[in-house]
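Novice: Sharing coords_19.json, JSON, C-alpha atoms:
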```
[["chain", "number", "residue", "atom", "x", "y", "z"],
["A", 1, "MET", "CA", 79.64, 88.92, 52.79],
["A", 2, "VAL", "CA", 83.20, 87.79, 52.25],
["A", 3, "PHE", "CA", 81.84, 85.21, 49.87],
["A", 4, "SER", "CA", 79.69, 87.63, 47.92],
["A", 5, "LEU", "CA", 82.56, 90.07, 47.44],
["A", 6, "ALA", "CA", 84.83, 87.25, 46.30],
["A", 7, "LEU", "CA", 82.14, 86.00, 43.94],
["A", 8, "LYS", "CA", 81.69, 89.44, 42.43],
["A", 9, "MET", "CA", 85.43, 89.72, 41.90],
["A", 10, "VAL", "CA", 86.34, 86.32, 40.50],
["A", 11, "LYS", "CA", 82.95, 85.29, 39.11],
["A", 12, "SER", "CA", 83.34, 81.55, 39.64],
["A", 13, "ARG", "CA", 81.60, 79.97, 42.64],
["A", 14, "GLU", "CA", 84.29, 77.38, 43.27],
["A", 15, "GLU", "CA", 87.05, 79.95, 43.23],
["A", 16, "ALA", "CA", 85.04, 82.31, 45.40],
["A", 17, "GLU", "CA", 84.51, 79.57, 47.98],
["A", 18, "GLU", "CA", 88.18, 78.74, 47.97],
["A", 19, "ILE", "CA", 89.08, 82.41, 48.38],
["A", 20, "SER", "CA", 86.63, 82.87, 51.25],
["A", 21, "GLN", "CA", 88.03, 79.83, 52.96],
["A", 22, "ASP", "CA", 91.57, 81.14, 52.53],
["A", 23, "THR", "CA", 90.45, 84.51, 53.85],
["A", 24, "PHE", "CA", 89.04, 83.06, 57.06],
["A", 25, "ILE", "CA", 92.10, 80.91, 57.64],
["A", 26, "LYS", "CA", 94.42, 83.85, 57.00],
["A", 27, "ALA", "CA", 92.34, 86.00, 59.34],
["A", 28, "TYR", "CA", 92.45, 83.33, 62.02],
["A", 29, "LYS", "CA", 96.22, 82.98, 61.73],
["A", 30, "ASN", "CA", 96.83, 86.72, 61.75],
["A", 31, "LEU", "CA", 94.28, 87.63, 64.37],
["A", 32, "SER", "CA", 97.05, 89.00, 66.56],
["A", 33, "LYS", "CA", 97.99, 91.47, 63.81],
["A", 34, "PHE", "CA", 94.55, 93.05, 63.84],
["A", 35, "LYS", "CA", 95.03, 96.19, 65.88],
["A", 36, "GLY", "CA", 91.51, 97.52, 65.88],
["A", 37, "GLU", "CA", 92.43, 100.59, 63.84],
["A", 38, "SER", "CA", 89.64, 99.79, 61.41],
["A", 39, "LYS", "CA", 86.44, 97.84, 61.70],
["A", 40, "PHE", "CA", 86.92, 94.10, 61.85],
["A", 41, "SER", "CA", 84.78, 93.68, 58.75],
["A", 42, "THR", "CA", 86.93, 96.14, 56.81],
["A", 43, "TRP", "CA", 90.01, 94.18, 57.78],
["A", 44, "LEU", "CA", 88.33, 90.99, 56.61],
["A", 45, "TYR", "CA", 87.35, 92.66, 53.32],
["A", 46, "LYS", "CA", 90.93, 93.76, 52.86],
["A", 47, "ILE", "CA", 92.18, 90.20, 53.14],
["A", 48, "THR", "CA", 89.47, 89.04, 50.75],
["A", 49, "TYR", "CA", 90.32, 91.77, 48.26],
["A", 50, "ARG", "CA", 94.03, 90.95, 48.32],
["A", 51, "THR", "CA", 93.41, 87.22, 47.95],
["A", 52, "CYS", "CA", 91.11, 87.88, 44.99],
["A", 53, "LEU", "CA", 93.71, 90.11, 43.34],
["A", 54, "ASP", "CA", 96.29, 87.35, 43.74],
["A", 55, "VAL", "CA", 93.96, 84.88, 42.05],
["A", 56, "LEU", "CA", 93.06, 87.35, 39.30],
["A", 57, "LYS", "CA", 96.73, 88.07, 38.64],
["A", 58, "LYS", "CA", 97.14, 84.43, 37.73],
["A", 59, "THR", "CA", 94.25, 84.44, 35.27],
["A", 60, "LYS", "CA", 95.25, 87.85, 33.91],
["A", 61, "GLU", "CA", 91.86, 88.83, 32.63],
["A", 62, "ARG", "CA", 92.07, 92.06, 30.73],
["A", 63, "TYR", "CA", 89.21, 94.25, 29.72],
["A", 64, "VAL", "CA", 88.96, 96.65, 26.89],
["A", 65, "LEU", "CA", 87.27, 99.67, 28.29],
["A", 66, "ASP", "CA", 84.38, 101.06, 26.36],
["A", 67, "VAL", "CA", 84.34, 104.72, 25.74],
["A", 68, "ILE", "CA", 81.84, 106.11, 28.21],
["A", 69, "ASP", "CA", 79.65, 108.90, 27.00],
["A", 70, "GLU", "CA", 78.45, 111.73, 29.16],
["A", 71, "VAL", "CA", 75.59, 110.79, 31.40],
["A", 72, "THR", "CA", 72.42, 112.80, 31.17],
["A", 73, "ILE", "CA", 69.33, 112.61, 33.30],
["A", 74, "ASN", "CA", 67.35, 111.63, 30.21],
["A", 75, "ARG", "CA", 69.50, 108.59, 29.65],
["A", 76, "ILE", "CA", 69.14, 107.55, 33.27],
["A", 77, "LYS", "CA", 65.41, 108.07, 33.24],
["A", 78, "SER", "CA", 64.81, 106.13, 30.04],
["A", 79, "THR", "CA", 66.90, 103.18, 31.21],
["A", 80, "ASP", "CA", 65.08, 103.32, 34.53],
["A", 81, "THR", "CA", 61.71, 103.18, 32.78],
["A", 82, "ILE", "CA", 62.75, 100.19, 30.73],
["A", 83, "LEU", "CA", 64.05, 98.40, 33.81],
["A", 84, "GLU", "CA", 60.86, 99.12, 35.71],
["A", 85, "GLY", "CA", 59.01, 97.25, 33.02],
["A", 86, "ILE", "CA", 60.93, 94.05, 33.64],
["A", 87, "GLU", "CA", 60.00, 91.61, 36.39],
["A", 88, "GLN", "CA", 62.11, 92.13, 39.51],
["A", 89, "LYS", "CA", 63.80, 88.75, 39.51],
["A", 90, "GLU", "CA", 64.73, 89.04, 35.88],
["A", 91, "ARG", "CA", 65.85, 92.62, 36.42],
["A", 92, "ALA", "CA", 68.18, 91.62, 39.24],
["A", 93, "GLU", "CA", 69.67, 88.99, 36.95],
["A", 94, "VAL", "CA", 70.20, 91.50, 34.15],
["A", 95, "ILE", "CA", 71.92, 93.94, 36.51],
["A", 96, "ASN", "CA", 74.03, 91.16, 37.97],
["A", 97, "ASN", "CA", 75.18, 90.09, 34.51],
["A", 98, "CYS", "CA", 75.98, 93.68, 33.58],
["A", 99, "LEU", "CA", 77.95, 94.07, 36.77],
["A", 100, "LEU", "CA", 79.91, 90.92, 36.04],
["A", 101, "SER", "CA", 80.89, 92.19, 32.62],
["A", 102, "MET", "CA", 82.61, 95.22, 34.14],
["A", 103, "PRO", "CA", 86.35, 95.35, 34.83],
["A", 104, "GLU", "CA", 87.08, 93.86, 38.22],
["A", 105, "GLU", "CA", 88.35, 97.04, 39.89],
["A", 106, "GLU", "CA", 85.26, 99.08, 39.11],
["A", 107, "ARG", "CA", 83.01, 96.13, 39.78],
["A", 108, "SER", "CA", 84.42, 95.48, 43.24],
["A", 109, "ILE", "CA", 84.32, 99.13, 44.25],
["A", 110, "LEU", "CA", 80.73, 99.44, 43.10],
["A", 111, "TRP", "CA", 79.83, 96.30, 44.99],
["A", 112, "MET", "CA", 81.53, 97.39, 48.20],
["A", 113, "PHE", "CA", 80.00, 100.85, 48.08],
["A", 114, "TYR", "CA", 76.42, 99.98, 47.19],
["A", 115, "PHE", "CA", 75.82, 96.42, 48.25],
["A", 116, "GLU", "CA", 78.10, 95.99, 51.24],
["A", 117, "GLU", "CA", 77.56, 99.65, 52.11],
["A", 118, "LEU", "CA", 81.16, 100.40, 52.93],
["A", 119, "SER", "CA", 82.09, 104.06, 53.35],
["A", 120, "LEU", "CA", 84.61, 105.73, 51.05],
["A", 121, "LYS", "CA", 87.18, 105.64, 53.84],
["A", 122, "GLU", "CA", 86.66, 101.95, 54.33],
["A", 123, "ILE", "CA", 87.09, 101.30, 50.62],
["A", 124, "VAL", "CA", 90.31, 103.33, 50.70],
["A", 125, "ASN", "CA", 91.47, 101.11, 53.54],
["A", 126, "VAL", "CA", 90.57, 97.89, 51.71],
["A", 127, "THR", "CA", 91.97, 98.76, 48.30],
["A", 128, "ASP", "CA", 94.90, 101.01, 49.26],
["A", 129, "PHE", "CA", 93.89, 103.50, 46.56],
["A", 130, "SER", "CA", 93.80, 107.17, 47.46],
["A", 131, "GLU", "CA", 90.42, 108.67, 48.32],
["A", 132, "ALA", "CA", 90.42, 110.78, 45.16],
["A", 133, "ASN", "CA", 91.20, 107.72, 43.11],
["A", 134, "VAL", "CA", 88.37, 105.75, 44.68],
["A", 135, "LYS", "CA", 85.97, 108.61, 43.97],
["A", 136, "VAL", "CA", 87.02, 108.75, 40.33],
["A", 137, "LYS", "CA", 86.76, 105.01, 39.96],
["A", 138, "LEU", "CA", 83.38, 104.95, 41.65],
["A", 139, "HIS", "CA", 82.04, 107.60, 39.35],
["A", 140, "ARG", "CA", 83.44, 105.87, 36.30],
["A", 141, "ALA", "CA", 81.96, 102.60, 37.53],
["A", 142, "ARG", "CA", 78.49, 104.09, 37.85],
["A", 143, "LYS", "CA", 78.67, 105.49, 34.33],
["A", 144, "MET", "CA", 80.02, 102.24, 33.02],
["A", 145, "LEU", "CA", 77.22, 100.25, 34.62],
["A", 146, "LEU", "CA", 74.63, 102.55, 33.12],
["A", 147, "SER", "CA", 76.16, 102.20, 29.66],
["A", 148, "ILE", "CA", 76.31, 98.42, 29.91],
["A", 149, "VAL", "CA", 72.75, 98.19, 31.24],
["A", 150, "GLU", "CA", 71.56, 100.39, 28.40],
["A", 151, "LYS", "CA", 73.22, 98.19, 25.83],
["A", 152, "ASN", "CA", 71.80, 95.04, 27.42],
["A", 153, "VAL", "CA", 68.33, 96.35, 27.88],
["A", 154, "GLU", "CA", 67.79, 97.76, 24.40],
["A", 155, "PRO", "CA", 67.32, 94.38, 22.71],
["A", 156, "GLU", "CA", 65.20, 93.35, 25.68],
["A", 157, "LEU", "CA", 62.93, 96.28, 24.99],
["A", 158, "ILE", "CA", 62.64, 95.43, 21.31],
["A", 159, "LYS", "CA", 61.81, 91.85, 22.33],
["A", 160, "HIS", "CA", 59.11, 93.11, 24.69],
["A", 161, "TYR", "CA", 57.52, 95.22, 22.03],
["A", 162, "GLY", "CA", 57.96, 92.46, 19.50],
["A", 163, "ARG", "CA", 55.86, 90.09, 21.65],
["A", 164, "LYS", "CA", 53.08, 92.57, 21.83],
["B", 1, "MET", "CA", 74.83, 122.34, 39.16],
["B", 2, "GLY", "CA", 73.47, 120.27, 36.32],
["B", 3, "GLU", "CA", 76.34, 117.84, 36.55],
["B", 4, "ASN", "CA", 75.81, 117.44, 40.30],
["B", 5, "LYS", "CA", 72.20, 116.56, 39.70],
["B", 6, "ASP", "CA", 73.26, 114.01, 37.12],
["B", 7, "ILE", "CA", 75.62, 112.43, 39.62],
["B", 8, "LYS", "CA", 72.92, 112.27, 42.27],
["B", 9, "GLU", "CA", 70.47, 110.72, 39.85],
["B", 10, "LEU", "CA", 73.06, 108.20, 38.73],
["B", 11, "ASP", "CA", 73.89, 107.41, 42.35],
["B", 12, "ALA", "CA", 70.24, 106.75, 43.15],
["B", 13, "PHE", "CA", 69.86, 104.63, 40.03],
["B", 14, "THR", "CA", 72.89, 102.48, 40.86],
["B", 15, "LYS", "CA", 71.88, 102.07, 44.48],
["B", 16, "LYS", "CA", 68.35, 101.05, 43.59],
["B", 17, "TYR", "CA", 69.30, 98.33, 41.17],
["B", 18, "ILE", "CA", 72.40, 96.94, 42.84],
["B", 19, "ASN", "CA", 70.45, 96.44, 46.04],
["B", 20, "GLU", "CA", 67.99, 94.29, 44.15],
["B", 21, "ILE", "CA", 70.66, 91.73, 43.45],
["B", 22, "GLU", "CA", 70.33, 88.89, 45.90],
["B", 23, "ALA", "CA", 73.32, 88.04, 48.04],
["B", 24, "GLU", "CA", 74.58, 84.61, 47.13],
["B", 25, "THR", "CA", 75.38, 82.12, 49.81],
["B", 26, "PRO", "CA", 78.16, 79.56, 49.73],
["B", 27, "SER", "CA", 77.48, 75.82, 49.79],
["B", 28, "ILE", "CA", 76.11, 74.19, 52.96],
["B", 29, "ASP", "CA", 79.32, 72.55, 54.09],
["B", 30, "PHE", "CA", 81.28, 75.80, 53.69],
["B", 31, "THR", "CA", 81.50, 76.54, 57.44],
["B", 32, "ALA", "CA", 82.33, 72.95, 58.25],
["B", 33, "ASN", "CA", 85.15, 73.01, 55.69],
["B", 34, "ILE", "CA", 86.63, 76.16, 57.23],
["B", 35, "MET", "CA", 86.45, 74.71, 60.72],
["B", 36, "ASP", "CA", 88.17, 71.55, 59.47],
["B", 37, "ALA", "CA", 90.93, 73.56, 57.85],
["B", 38, "ILE", "CA", 91.43, 75.66, 60.99],
["B", 39, "LEU", "CA", 91.52, 72.57, 63.20],
["B", 40, "LYS", "CA", 94.17, 71.06, 60.95],
["B", 41, "GLU", "CA", 96.16, 74.29, 61.21],
["B", 42, "GLU", "CA", 95.89, 74.14, 65.00],
["B", 43, "GLN", "CA", 97.06, 70.56, 65.20],
["B", 44, "SER", "CA", 100.04, 71.12, 62.99],
["B", 45, "SER", "CA", 101.06, 74.08, 65.11],
["B", 46, "ILE", "CA", 100.94, 71.91, 68.26],
["B", 47, "TYR", "CA", 103.58, 69.59, 66.84],
["B", 48, "LYS", "CA", 105.78, 72.40, 65.67],
["B", 49, "ALA", "CA", 109.29, 71.83, 66.96],
["B", 50, "ALA", "CA", 110.57, 74.54, 69.25],
["B", 51, "PRO", "CA", 114.32, 74.78, 69.76],
["B", 52, "LEU", "CA", 115.48, 73.64, 73.19],
["B", 53, "ILE", "CA", 117.56, 76.76, 73.63],
["B", 54, "SER", "CA", 115.83, 79.76, 72.18],
["B", 55, "LYS", "CA", 117.60, 82.51, 70.26],
["B", 56, "ARG", "CA", 117.28, 84.89, 73.17],
["B", 57, "VAL", "CA", 119.00, 82.51, 75.53],
["B", 58, "TRP", "CA", 121.79, 82.03, 72.96],
["B", 59, "PHE", "CA", 122.30, 85.77, 72.83],
["B", 60, "VAL", "CA", 122.45, 86.01, 76.59],
["B", 61, "LEU", "CA", 124.94, 83.15, 76.73],
["B", 62, "ALA", "CA", 127.07, 84.75, 74.02],
["B", 63, "GLY", "CA", 126.95, 88.02, 75.94],
["B", 64, "ILE", "CA", 128.07, 86.37, 79.17],
["B", 65, "LEU", "CA", 130.87, 84.59, 77.35],
["B", 66, "ALA", "CA", 132.07, 87.80, 75.67],
["B", 67, "VAL", "CA", 131.97, 89.72, 78.94],
["B", 68, "SER", "CA", 133.85, 87.03, 80.82],
["B", 69, "ILE", "CA", 136.54, 86.81, 78.11],
["B", 70, "LEU", "CA", 136.98, 90.57, 78.26],
["B", 71, "PHE", "CA", 137.00, 90.47, 82.02],
["B", 72, "VAL", "CA", 139.63, 87.77, 82.24],
["B", 73, "SER", "CA", 141.89, 89.24, 79.56],
["B", 74, "LYS", "CA", 141.77, 92.72, 81.05],
["B", 75, "GLY", "CA", 141.35, 91.73, 84.65],
["B", 76, "ALA", "CA", 144.38, 89.46, 84.69],
["B", 77, "SER", "CA", 146.68, 92.44, 84.46],
["B", 78, "SER", "CA", 144.89, 94.46, 87.08],
["B", 79, "SER", "CA", 146.05, 94.19, 90.60],
["B", 80, "TRP", "CA", 142.83, 93.35, 92.40],
["B", 81, "LEU", "CA", 142.24, 90.18, 90.47],
["B", 82, "GLN", "CA", 145.20, 87.89, 90.66],
["B", 83, "ILE", "CA", 144.52, 84.37, 89.62],
["B", 84, "PRO", "CA", 146.66, 82.18, 91.86],
["B", 85, "GLU", "CA", 149.12, 80.14, 89.93],
["B", 86, "ILE", "CA", 148.46, 76.46, 90.12],
["B", 87, "LYS", "CA", 151.51, 74.32, 90.23],
["B", 88, "MET", "CA", 151.17, 71.58, 87.67],
["B", 89, "ASP", "CA", 154.65, 70.11, 88.14],
["B", 90, "TYR", "CA", 153.45, 67.10, 90.05],
["B", 91, "LEU", "CA", 151.67, 65.77, 86.96],
["B", 92, "SER", "CA", 154.97, 65.00, 85.28],
["B", 93, "ASN", "CA", 156.13, 63.21, 88.39],
["B", 94, "ILE", "CA", 153.38, 60.64, 88.20],
["B", 95, "GLN", "CA", 154.49, 57.70, 86.16],
["B", 96, "LEU", "CA", 151.80, 55.47, 84.76],
["B", 97, "PRO", "CA", 152.65, 52.09, 83.35],
["B", 98, "ASN", "CA", 152.01, 52.11, 79.59],
["B", 99, "LEU", "CA", 149.32, 49.49, 79.09],
["B", 100, "PHE", "CA", 149.16, 49.74, 75.31],
["B", 101, "GLU", "CA", 152.79, 49.26, 74.71],
["B", 102, "ASN", "CA", 152.45, 45.83, 73.17],
["B", 103, "ILE", "CA", 149.32, 46.48, 71.14],
["B", 104, "THR", "CA", 149.74, 47.48, 67.51],
["B", 105, "VAL", "CA", 146.82, 48.65, 65.43],
["B", 106, "SER", "CA", 146.86, 48.16, 61.68],
["B", 107, "ASN", "CA", 145.98, 50.93, 59.26],
["B", 108, "LEU", "CA", 143.02, 48.94, 58.05],
["B", 109, "MET", "CA", 141.64, 48.76, 61.58],
["B", 110, "LEU", "CA", 142.08, 52.50, 62.01],
["B", 111, "SER", "CA", 140.25, 53.37, 58.81],
["B", 112, "ALA", "CA", 137.47, 50.91, 59.69],
["B", 113, "CYS", "CA", 136.99, 52.64, 63.03],
["B", 114, "PHE", "CA", 137.00, 55.99, 61.29],
["B", 115, "PHE", "CA", 134.31, 54.97, 58.80],
["B", 116, "PHE", "CA", 132.23, 53.37, 61.50],
["B", 117, "THR", "CA", 132.18, 56.65, 63.42],
["B", 118, "VAL", "CA", 131.30, 58.62, 60.30],
["B", 119, "MET", "CA", 128.45, 56.24, 59.49],
["B", 120, "VAL", "CA", 127.06, 56.53, 63.03],
["B", 121, "PHE", "CA", 126.83, 60.28, 62.58],
["B", 122, "VAL", "CA", 125.21, 59.91, 59.16],
["B", 123, "GLN", "CA", 122.67, 57.57, 60.67],
["B", 124, "ILE", "CA", 121.82, 60.04, 63.40],
["B", 125, "TYR", "CA", 121.13, 62.65, 60.75],
["B", 126, "VAL", "CA", 119.02, 60.33, 58.60],
["B", 127, "LEU", "CA", 116.98, 59.03, 61.53],
["B", 128, "LYS", "CA", 116.35, 62.52, 62.81],
["B", 129, "ASN", "CA", 114.99, 63.58, 59.43],
["B", 130, "TYR", "CA", 112.88, 60.45, 59.18],
["B", 131, "PHE", "CA", 111.19, 61.04, 62.53],
["B", 132, "THR", "CA", 110.56, 64.72, 61.98],
["B", 133, "LYS", "CA", 108.90, 63.86, 58.68],
["B", 134, "ARG", "CA", 106.77, 61.18, 60.30],
["B", 135, "LEU", "CA", 105.62, 63.49, 63.07],
["B", 136, "LYS", "CA", 104.67, 66.20, 60.62],
["B", 137, "MET", "CA", 102.08, 64.01, 58.92]]
```
Starting from the file, lay out its structure as structure tokens.
Specialist:
Amino acid sequence: MVFSLALKMVKSREEAEEISQDTFIKAYKNLSKFKGESKFSTWLYKITYRTCLDVLKKTKERYVLDVIDEVTINRIKSTDTILEGIEQKERAEVINNCLLSMPEEERSILWMFYFEELSLKEIVNVTDFSEANVKVKLHRARKMLLSIVEKNVEPELIKHYGRK
Amino acid sequence: MGENKDIKELDAFTKKYINEIEAETPSIDFTANIMDAILKEEQSSIYKAAPLISKRVWFVLAGILAVSILFVSKGASSSWLQIPEIKMDYLSNIQLPNLFENITVSNLMLSACFFFTVMVFVQIYVLKNYFTKRLKM
């Protein structure tokens, strides 16, 4: 899971492997500093997150945030219907690509919350953001993902209809 | 209320699709690489030089020295601790024959001895560095 979080944050497999390796070595060296105040996995995630941020600082990737429109149930439903029409494997790939095109902060929070199933408190612990901040970011991330998926799926839909 | 419903719907949507993404696994030799790296770490920590006299012991020694200096300087004047005076007069009474009376040493010889001593110390320093470097490898 350390590897998958690292991969979602830095995107490159080689870098993610290197980061995971660093994480385990750091954890091993600092095992005495782990006081059991949080779950061991949360502690491990925290080290991973920090190491990733250090790597990302060097590459200095900057995103231009899209303006996110208000989310309505209709928009969610229509995107859902389109996604349902795509084969599962392909769908997972589409979502993965959309996720990877998000800014790394939102992307990692989304990943920790939904995929790794960390609680809000645990994410607060890992990222050192305040709880309110994490909530805001999480909400923004959800909206962002929906917008990106919509944009990506639209041409897909036209292609689908075009084939028919 | 409407906004809450939107959030819930969006939450369900995100959860559904993110969970479909397959977790990626690192390469096969990933674990072996980590174990190698940790073993290397371990070995290098075994050869780590530890000072013969630790900082704590130095502090204790410094403390003892400070206390004893204070004790002697103050205690000497107090009545209960009188250090008996040792008579050193007899030392001047002993007359040793001067063995080196007839030997003269040239300035050149003196400076040679001086440089020799300096070079010995330099060599100690260089050798020490050389061996610590070799052991680190």
Novice: Which chain A residues are at most 7 Å from chain B (counting all atoms listed in the file), as a list in words?
Specialist: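 Per the criterion, chain A yields Phe3, Ser4, Glu17, Gln21, Ile25, Val71, Thr72, Ile73, Ile76, Ala92, Ile95, Asn96, Tyr114, Phe115 and Arg142 of chain A.
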Novice: State, in Å with one decimal place, the distance from CA of Ile28 in chain B to CA of Lys11 in chain A.
Specialist: 19.0 Å
Novice: Rounded to one decimal, what separation in Å do you get between CA of Trp43 in chain A and CA of Val126 in chain A?
Specialist: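 Separation of CA of Trp43 in chain A and CA of Val126 in chain A: 7.1 Å.
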Novice: For CA of Ser38 in chain A and CA of Leu7 in chain A, quote the distance in Å rounded to one decimal.
Specialist: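 So the two atoms, CA of Ser38 in chain A and CA of Leu7 in chain A, lie 23.5 Å apart.
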Novice: Measuring between all atoms listed in the file, which one of A:Glu37, A:Leu56, A:Lys29, A:Thr42 shows the shortest distance to Ala16 in chain A?
Specialist: A:Leu56
Novice: If you count all atoms listed in the file, which residues fall within 10 Å of Val149 in chain A, apart from same-chain ones fewer than 5 positions away, as an MDAnalysis selection string?
Specialist: chainID A and resid 79:80 83 94:99 143:144 154
Novice: Counting all atoms listed in the file, figure out which residue out of A:Ala27, A:Ala141, A:Val153, A:Ile82 gets nearest to Thr48 in chain A.
Specialist: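 Closest to Thr48 in chain A, using all atoms listed in the file: A:Ala27.
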